[in-house]
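Next comes work_12.csv, with CSV, N, CA and C atoms.
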chain,number,residue,atom,x,y,z
H,1,MET,N,-58.4,-61.7,35.4
H,1,MET,CA,-57.5,-62.9,35.2
H,1,MET,C,-56.3,-62.7,36.1
H,2,ASN,N,-55.9,-63.7,36.7
H,2,ASN,CA,-54.7,-63.7,37.6
H,2,ASN,C,-53.5,-64.5,36.9
H,3,GLU,N,-52.3,-64.2,37.3
H,3,GLU,CA,-51.2,-64.9,36.9
H,3,GLU,C,-50.6,-65.7,38.0
H,4,VAL,N,-50.4,-67.0,37.8
H,4,VAL,CA,-49.8,-67.9,38.8
H,4,VAL,C,-48.4,-68.3,38.3
H,5,THR,N,-47.4,-68.1,39.1
H,5,THR,CA,-46.1,-68.5,38.7
H,5,THR,C,-45.8,-70.0,39.0
H,6,ILE,N,-44.8,-70.5,38.4
H,6,ILE,CA,-44.4,-71.9,38.7
H,6,ILE,C,-43.9,-72.0,40.1
H,7,THR,N,-43.3,-71.0,40.7
H,7,THR,CA,-42.9,-71.0,42.1
H,7,THR,C,-44.1,-71.1,43.0
H,8,GLN,N,-45.1,-70.4,42.7
H,8,GLN,CA,-46.3,-70.5,43.6
H,8,GLN,C,-47.0,-71.8,43.5
H,9,ILE,N,-47.1,-72.3,42.2
H,9,ILE,CA,-47.6,-73.7,42.0
H,9,ILE,C,-46.8,-74.7,42.8
H,10,LEU,N,-45.5,-74.7,42.7
H,10,LEU,CA,-44.7,-75.7,43.3
H,10,LEU,C,-44.7,-75.5,44.8
H,11,ASP,N,-44.7,-74.3,45.3
H,11,ASP,CA,-44.8,-74.1,46.8
H,11,ASP,C,-46.1,-74.6,47.4
H,12,ASP,N,-47.2,-74.3,46.7
H,12,ASP,CA,-48.5,-74.8,47.1
H,12,ASP,C,-48.6,-76.4,47.1
H,13,LEU,N,-48.0,-76.9,46.0
H,13,LEU,CA,-47.9,-78.4,45.8
H,13,LEU,C,-47.1,-79.0,46.9
H,14,ARG,N,-46.0,-78.4,47.3
H,14,ARG,CA,-45.1,-78.9,48.4
H,14,ARG,C,-45.9,-79.0,49.7
H,15,VAL,N,-46.5,-77.9,50.0
H,15,VAL,CA,-47.3,-77.8,51.3
H,15,VAL,C,-48.4,-78.8,51.3
H,16,ALA,N,-49.2,-78.9,50.2
H,16,ALA,CA,-50.3,-79.8,50.1
H,16,ALA,C,-49.8,-81.2,50.2
H,17,ASP,N,-48.7,-81.5,49.6
H,17,ASP,CA,-48.2,-82.9,49.6
H,17,ASP,C,-47.7,-83.2,51.0
H,18,GLU,N,-47.0,-82.3,51.6
H,18,GLU,CA,-46.6,-82.6,53.0
H,18,GLU,C,-47.7,-82.9,54.0
H,19,ILE,N,-48.8,-82.1,53.9
H,19,ILE,CA,-49.9,-82.3,54.8
H,19,ILE,C,-50.7,-83.5,54.5
H,20,THR,N,-50.9,-83.8,53.2
H,20,THR,CA,-51.6,-85.1,52.8
H,20,THR,C,-50.7,-86.3,53.3
H,21,ARG,N,-49.4,-86.2,53.1
H,21,ARG,CA,-48.6,-87.3,53.6
H,21,ARG,C,-48.7,-87.5,55.1
H,22,ASN,N,-48.8,-86.5,55.8
H,22,ASN,CA,-49.0,-86.6,57.3
H,22,ASN,C,-50.3,-87.3,57.6
H,23,PHE,N,-51.3,-87.0,56.9
H,23,PHE,CA,-52.6,-87.7,57.1
H,23,PHE,C,-52.5,-89.2,56.7
H,24,GLU,N,-51.8,-89.4,55.6
H,24,GLU,CA,-51.6,-90.8,55.1
H,24,GLU,C,-50.9,-91.6,56.2
H,25,ARG,N,-49.9,-91.1,56.8
H,25,ARG,CA,-49.2,-91.7,57.9
H,25,ARG,C,-50.1,-92.0,59.1
H,26,ARG,N,-50.9,-91.0,59.5
H,26,ARG,CA,-51.7,-91.1,60.6
H,26,ARG,C,-52.8,-92.1,60.5
H,27,TYR,N,-53.4,-92.1,59.3
H,27,TYR,CA,-54.6,-93.0,59.1
H,27,TYR,C,-54.3,-94.3,58.2
H,28,TRP,N,-53.0,-94.4,57.8
H,28,TRP,CA,-52.6,-95.6,57.1
H,28,TRP,C,-53.4,-95.8,55.8
H,29,LEU,N,-53.7,-94.7,55.1
H,29,LEU,CA,-54.4,-94.8,53.9
H,29,LEU,C,-53.8,-93.8,52.9
H,30,SER,N,-53.8,-94.2,51.6
H,30,SER,CA,-53.4,-93.2,50.6
H,30,SER,C,-54.5,-92.1,50.4
H,31,SER,N,-54.0,-91.0,50.0
H,31,SER,CA,-55.0,-89.9,49.8
H,31,SER,C,-56.0,-90.2,48.7
H,32,VAL,N,-55.6,-91.0,47.7
H,32,VAL,CA,-56.5,-91.4,46.7
H,32,VAL,C,-57.7,-92.2,47.3
H,33,ASP,N,-57.3,-93.2,48.1
H,33,ASP,CA,-58.3,-94.1,48.7
H,33,ASP,C,-59.1,-93.3,49.7
H,34,PHE,N,-58.5,-92.5,50.5
H,34,PHE,CA,-59.2,-91.7,51.5
H,34,PHE,C,-60.3,-90.9,50.8
H,35,TYR,N,-59.8,-90.2,49.7
H,35,TYR,CA,-60.7,-89.2,49.0
H,35,TYR,C,-61.9,-89.9,48.4
H,36,SER,N,-61.7,-91.1,47.9
H,36,SER,CA,-62.8,-91.9,47.3
H,36,SER,C,-63.8,-92.3,48.4
H,37,LEU,N,-63.3,-92.7,49.5
H,37,LEU,CA,-64.2,-93.1,50.7
H,37,LEU,C,-64.9,-91.8,51.2
H,38,TYR,N,-64.2,-90.7,51.3
H,38,TYR,CA,-64.7,-89.5,51.8
H,38,TYR,C,-65.8,-89.0,50.9
H,39,GLN,N,-65.6,-89.0,49.6
H,39,GLN,CA,-66.6,-88.6,48.6
H,39,GLN,C,-67.9,-89.4,48.7
H,40,GLN,N,-67.7,-90.6,49.0
H,40,GLN,CA,-68.9,-91.5,49.2
H,40,GLN,C,-69.6,-91.3,50.5
H,41,GLY,N,-69.0,-90.5,51.4
H,41,GLY,CA,-69.7,-90.3,52.7
H,41,GLY,C,-69.5,-91.4,53.7
H,42,LEU,N,-68.5,-92.3,53.5
H,42,LEU,CA,-68.3,-93.4,54.3
H,42,LEU,C,-67.4,-93.2,55.5
H,43,LEU,N,-66.8,-92.1,55.6
H,43,LEU,CA,-65.8,-91.9,56.7
H,43,LEU,C,-66.2,-90.9,57.8
H,44,ASP,N,-67.2,-90.1,57.6
H,44,ASP,CA,-67.5,-89.0,58.6
H,44,ASP,C,-68.3,-89.6,59.7
H,45,ASP,N,-67.6,-90.1,60.7
H,45,ASP,CA,-68.3,-90.6,61.9
H,45,ASP,C,-68.4,-89.6,63.0
H,46,GLY,N,-68.0,-88.4,62.7
H,46,GLY,CA,-68.0,-87.3,63.7
H,46,GLY,C,-66.7,-87.2,64.6
H,47,GLU,N,-66.0,-88.3,64.8
H,47,GLU,CA,-64.8,-88.3,65.6
H,47,GLU,C,-63.7,-87.6,64.9
H,48,HIS,N,-63.6,-87.7,63.6
H,48,HIS,CA,-62.4,-87.2,62.9
H,48,HIS,C,-62.9,-86.2,61.8
H,49,THR,N,-64.0,-85.6,62.0
H,49,THR,CA,-64.6,-84.7,60.9
H,49,THR,C,-63.6,-83.6,60.5
H,50,ASP,N,-63.0,-83.0,61.5
H,50,ASP,CA,-62.1,-81.9,61.2
H,50,ASP,C,-60.9,-82.4,60.4
H,51,ASP,N,-60.3,-83.5,60.8
H,51,ASP,CA,-59.1,-84.1,60.1
H,51,ASP,C,-59.6,-84.4,58.6
H,52,PHE,N,-60.7,-85.0,58.5
H,52,PHE,CA,-61.1,-85.4,57.1
H,52,PHE,C,-61.4,-84.2,56.3
H,53,ALA,N,-62.0,-83.2,56.8
H,53,ALA,CA,-62.3,-82.0,56.0
H,53,ALA,C,-61.0,-81.3,55.6
H,54,GLU,N,-60.0,-81.3,56.5
H,54,GLU,CA,-58.7,-80.7,56.2
H,54,GLU,C,-58.0,-81.5,55.1
H,55,TRP,N,-57.9,-82.8,55.3
H,55,TRP,CA,-57.3,-83.7,54.4
H,55,TRP,C,-57.9,-83.6,53.0
H,56,SER,N,-59.2,-83.6,53.0
H,56,SER,CA,-59.9,-83.4,51.7
H,56,SER,C,-59.5,-82.1,51.0
H,57,ALA,N,-59.5,-81.1,51.8
H,57,ALA,CA,-59.2,-79.7,51.2
H,57,ALA,C,-57.8,-79.7,50.6
H,58,TYR,N,-56.8,-80.2,51.4
H,58,TYR,CA,-55.4,-80.2,50.9
H,58,TYR,C,-55.2,-81.2,49.7
H,59,TYR,N,-56.0,-82.3,49.7
H,59,TYR,CA,-55.9,-83.2,48.6
H,59,TYR,C,-56.5,-82.5,47.3
H,60,GLN,N,-57.5,-81.7,47.5
H,60,GLN,CA,-58.1,-81.0,46.3
H,60,GLN,C,-57.1,-79.9,45.8
H,61,ILE,N,-56.4,-79.3,46.8
H,61,ILE,CA,-55.4,-78.3,46.4
H,61,ILE,C,-54.3,-79.0,45.6
H,62,LYS,N,-53.9,-80.2,46.1
H,62,LYS,CA,-52.8,-80.9,45.5
H,62,LYS,C,-53.2,-81.3,44.0
H,63,LEU,N,-54.4,-81.8,43.8
H,63,LEU,CA,-54.9,-82.1,42.5
H,63,LEU,C,-54.9,-80.9,41.6
H,64,ASP,N,-55.4,-79.8,42.1
H,64,ASP,CA,-55.5,-78.5,41.4
H,64,ASP,C,-54.1,-78.0,40.9
H,65,ARG,N,-53.2,-78.1,41.9
H,65,ARG,CA,-51.8,-77.6,41.5
H,65,ARG,C,-51.1,-78.5,40.6
H,66,GLU,N,-51.4,-79.8,40.7
H,66,GLU,CA,-50.8,-80.8,39.8
H,66,GLU,C,-51.3,-80.5,38.4
H,67,ALA,N,-52.6,-80.2,38.3
H,67,ALA,CA,-53.2,-79.9,37.0
H,67,ALA,C,-52.6,-78.6,36.4
H,68,ALA,N,-52.4,-77.6,37.3
H,68,ALA,CA,-51.8,-76.3,36.9
H,68,ALA,C,-50.4,-76.5,36.4
H,69,LEU,N,-49.6,-77.3,37.1
H,69,LEU,CA,-48.3,-77.6,36.7
H,69,LEU,C,-48.2,-78.3,35.4
H,70,GLN,N,-49.1,-79.2,35.2
H,70,GLN,CA,-49.2,-79.9,33.9
H,70,GLN,C,-49.5,-78.9,32.8
H,71,ALA,N,-50.5,-78.1,33.0
H,71,ALA,CA,-50.9,-77.1,32.0
H,71,ALA,C,-49.8,-76.1,31.7
H,72,LEU,N,-49.1,-75.7,32.7
H,72,LEU,CA,-48.0,-74.8,32.5
H,72,LEU,C,-46.9,-75.4,31.7
H,73,SER,N,-46.6,-76.7,32.1
H,73,SER,CA,-45.5,-77.4,31.4
H,73,SER,C,-45.9,-77.6,29.9
H,74,HIS,N,-47.2,-78.0,29.7
H,74,HIS,CA,-47.6,-78.2,28.3
H,74,HIS,C,-47.6,-77.0,27.5
H,75,GLU,N,-48.0,-75.8,28.1
H,75,GLU,CA,-47.9,-74.5,27.4
H,75,GLU,C,-46.4,-74.2,27.1
H,76,ARG,N,-45.6,-74.5,28.0
H,76,ARG,CA,-44.1,-74.2,27.8
H,76,ARG,C,-43.6,-75.0,26.7
H,77,VAL,N,-43.9,-76.3,26.6
H,77,VAL,CA,-43.4,-77.2,25.5
H,77,VAL,C,-43.9,-76.7,24.2
H,78,GLN,N,-45.2,-76.2,24.1
H,78,GLN,CA,-45.7,-75.7,22.9
H,78,GLN,C,-44.9,-74.4,22.5
H,79,GLN,N,-44.6,-73.6,23.4
H,79,GLN,CA,-43.8,-72.4,23.1
H,79,GLN,C,-42.4,-72.7,22.6
H,80,LEU,N,-41.8,-73.7,23.3
H,80,LEU,CA,-40.5,-74.1,22.9
H,80,LEU,C,-40.4,-74.7,21.5
H,81,THR,N,-41.4,-75.5,21.2
H,81,THR,CA,-41.4,-76.2,19.9
H,81,THR,C,-42.0,-75.4,18.8
H,82,ALA,N,-42.7,-74.3,19.1
H,82,ALA,CA,-43.3,-73.6,18.0
H,82,ALA,C,-42.3,-72.9,17.0
H,83,HIS,N,-41.2,-72.5,17.5
H,83,HIS,CA,-40.2,-71.8,16.7
H,83,HIS,C,-39.0,-72.6,16.4
H,84,ARG,N,-39.1,-73.9,16.6
H,84,ARG,CA,-38.0,-74.8,16.4
H,84,ARG,C,-37.9,-75.1,14.9
H,85,HIS,N,-36.8,-75.0,14.3
H,85,HIS,CA,-36.6,-75.4,12.9
H,85,HIS,C,-35.5,-76.4,12.8
H,86,GLY,N,-35.8,-77.6,13.3
H,86,GLY,CA,-34.9,-78.8,13.2
H,86,GLY,C,-33.7,-78.7,14.1
H,87,GLU,N,-33.7,-77.7,15.0
H,87,GLU,CA,-32.6,-77.6,15.9
H,87,GLU,C,-33.0,-78.0,17.3
H,88,THR,N,-32.0,-78.2,18.2
H,88,THR,CA,-32.3,-78.6,19.5
H,88,THR,C,-33.0,-77.5,20.3
H,89,LEU,N,-33.7,-77.8,21.3
H,89,LEU,CA,-34.4,-76.8,22.1
H,89,LEU,C,-33.4,-76.2,23.1
H,90,SER,N,-33.6,-74.9,23.3
H,90,SER,CA,-32.8,-74.2,24.4
H,90,SER,C,-33.8,-73.7,25.4
H,91,ILE,N,-33.6,-74.2,26.6
H,91,ILE,CA,-34.6,-73.9,27.7
H,91,ILE,C,-33.9,-72.8,28.6
H,92,ASP,N,-34.5,-71.6,28.6
H,92,ASP,CA,-34.0,-70.6,29.5
H,92,ASP,C,-34.7,-70.7,30.9
H,93,PRO,N,-33.9,-70.4,31.9
H,93,PRO,CA,-34.5,-70.6,33.3
H,93,PRO,C,-35.4,-69.4,33.8
H,94,HIS,N,-36.0,-68.7,32.9
H,94,HIS,CA,-36.9,-67.7,33.3
H,94,HIS,C,-38.2,-68.3,33.9
H,95,GLU,N,-38.9,-67.6,34.8
H,95,GLU,CA,-40.0,-68.2,35.4
H,95,GLU,C,-41.3,-67.9,34.6
H,96,PRO,N,-41.9,-68.9,34.0
H,96,PRO,CA,-43.1,-68.7,33.3
H,96,PRO,C,-44.3,-68.7,34.3
H,97,PHE,N,-45.4,-68.2,33.8
H,97,PHE,CA,-46.6,-68.1,34.6
H,97,PHE,C,-47.8,-68.6,33.9
H,98,LEU,N,-48.9,-69.0,34.6
H,98,LEU,CA,-50.1,-69.5,34.0
H,98,LEU,C,-51.2,-68.4,34.2
H,99,HIS,N,-51.9,-68.1,33.2
H,99,HIS,CA,-53.1,-67.2,33.4
H,99,HIS,C,-54.2,-68.0,33.9
H,100,THR,N,-54.8,-67.5,35.0
H,100,THR,CA,-56.0,-68.1,35.6
H,100,THR,C,-57.1,-67.1,35.8
H,101,VAL,N,-58.3,-67.7,35.9
H,101,VAL,CA,-59.5,-66.8,36.1
H,101,VAL,C,-59.7,-66.7,37.6
H,102,ALA,N,-59.9,-65.5,38.0
H,102,ALA,CA,-60.1,-65.2,39.5
H,102,ALA,C,-61.3,-65.9,39.9
H,103,ALA,N,-61.2,-66.5,41.1
H,103,ALA,CA,-62.4,-67.2,41.6
H,103,ALA,C,-63.3,-66.3,42.4

This entry written out as structure tokens:
Amino acid sequence: MNEVTITQILDDLRVADEITRNFERRYWLSSVDFYSLYQQGLLDDGEHTDDFAEWSAYYQIKLDREAALQALSHERVQQLTAHRHGETLSIDPHEPFLHTVAA
């Protein structure tokens, strides 16, 4: 089991977002629409195969990291509210991590 920190998640998400945005600008398509067409096999005409493969990979990374961020945030909220006794929440700026299974 590995531990992934919020910093790693956010760094990966930033890079994946930047790269997918560049492809969106280049091809005038949102990554959501691109990925749908790509999954259906409608885009691979051979001319842009490398771009499409890279775009798809970074979009998958983006989706994975967004899910990891949401899981980490949800876990954090549960921790914060578990010991609350009618008082306001105090959020300390320590870096939490998410336990992941090694691939």

Please provide the set of residues having any atom within 12 Å of Ser90 of chain H, restricted to only C-alpha atoms, with same-chain residues fewer than 6 positions apart removed, written as an mmCIF file with N, CA and C atoms, in the coordinates of the input.
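Saved as around36.cif:
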data_model
loop_
_atom_site.group_PDB
_atom_site.id
_atom_site.type_symbol
_atom_site.label_atom_id
_atom_site.label_comp_id
_atom_site.auth_asym_id
_atom_site.auth_seq_id
_atom_site.Cartn_x
_atom_site.Cartn_y
_atom_site.Cartn_z
ATOM 1 N N ARG H 76 -45.600 -74.500 28.000
ATOM 2 C CA ARG H 76 -44.100 -74.200 27.800
ATOM 3 C C ARG H 76 -43.600 -75.000 26.700
ATOM 4 N N VAL H 77 -43.900 -76.300 26.600
ATOM 5 C CA VAL H 77 -43.400 -77.200 25.500
ATOM 6 C C VAL H 77 -43.900 -76.700 24.200
ATOM 7 N N GLN H 79 -44.600 -73.600 23.400
ATOM 8 C CA GLN H 79 -43.800 -72.400 23.100
ATOM 9 C C GLN H 79 -42.400 -72.700 22.600
ATOM 10 N N LEU H 80 -41.800 -73.700 23.300
ATOM 11 C CA LEU H 80 -40.500 -74.100 22.900
ATOM 12 C C LEU H 80 -40.400 -74.700 21.500
ATOM 13 N N THR H 81 -41.400 -75.500 21.200
ATOM 14 C CA THR H 81 -41.400 -76.200 19.900
ATOM 15 C C THR H 81 -42.000 -75.400 18.800
ATOM 16 N N HIS H 83 -41.200 -72.500 17.500
ATOM 17 C CA HIS H 83 -40.200 -71.800 16.700
ATOM 18 C C HIS H 83 -39.000 -72.600 16.400
ATOM 19 N N ARG H 84 -39.100 -73.900 16.600
ATOM 20 C CA ARG H 84 -38.000 -74.800 16.400
ATOM 21 C C ARG H 84 -37.900 -75.100 14.900
#

- Just give me the gap between atom CA of Asp33 of chain H and atom CA of Asp51 of chain H in Å, one decimal is fine.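 If I compute the distance from atom CA of Asp33 of chain H to atom CA of Asp51 of chain H, I get 15.2 Å.
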
- Message: One number please: atom CA of Lys62 of chain H to atom CA of Leu13 of chain H, in Å, one decimal.
- Response: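 These two atoms are separated by 5.5 Å.
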
- For Ser31 of chain H, work out the shell of residues within 7 Å, counting all atoms listed in the file and skipping chain neighbours fewer than 3 positions away, then give it as an MDAnalysis selection string. chainID H and resid 20 24 34:36 59

Could you save the residues just selected, with N, CA and C atoms, as a PDB file, in the coordinates of the input?
ATOM      1  N   THR H  20     -50.900 -83.800  53.200  1.00  0.00           N
ATOM      2  CA  THR H  20     -51.600 -85.100  52.800  1.00  0.00           C
ATOM      3  C   THR H  20     -50.700 -86.300  53.300  1.00  0.00           C
ATOM      4  N   GLU H  24     -51.800 -89.400  55.600  1.00  0.00           N
ATOM      5  CA  GLU H  24     -51.600 -90.800  55.100  1.00  0.00           C
ATOM      6  C   GLU H  24     -50.900 -91.600  56.200  1.00  0.00           C
ATOM      7  N   PHE H  34     -58.500 -92.500  50.500  1.00  0.00           N
ATOM      8  CA  PHE H  34     -59.200 -91.700  51.500  1.00  0.00           C
ATOM      9  C   PHE H  34     -60.300 -90.900  50.800  1.00  0.00           C
ATOM     10  N   TYR H  35     -59.800 -90.200  49.700  1.00  0.00           N
ATOM     11  CA  TYR H  35     -60.700 -89.200  49.000  1.00  0.00           C
ATOM     12  C   TYR H  35     -61.900 -89.900  48.400  1.00  0.00           C
ATOM     13  N   SER H  36     -61.700 -91.100  47.900  1.00  0.00           N
ATOM     14  CA  SER H  36     -62.800 -91.900  47.300  1.00  0.00           C
ATOM     15  C   SER H  36     -63.800 -92.300  48.400  1.00  0.00           C
ATOM     16  N   TYR H  59     -56.000 -82.300  49.700  1.00  0.00           N
ATOM     17  CA  TYR H  59     -55.900 -83.200  48.600  1.00  0.00           C
ATOM     18  C   TYR H  59     -56.500 -82.500  47.300  1.00  0.00           C
TER      19      TYR H  59
END

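Of the residues under consideration (H:Ser30, H:Ile91, H:Asp17, H:Ala82), H:Asp17 shows the shortest atom-to-atom contact distance to Ala57 of chain H when counting only C-alpha atoms.
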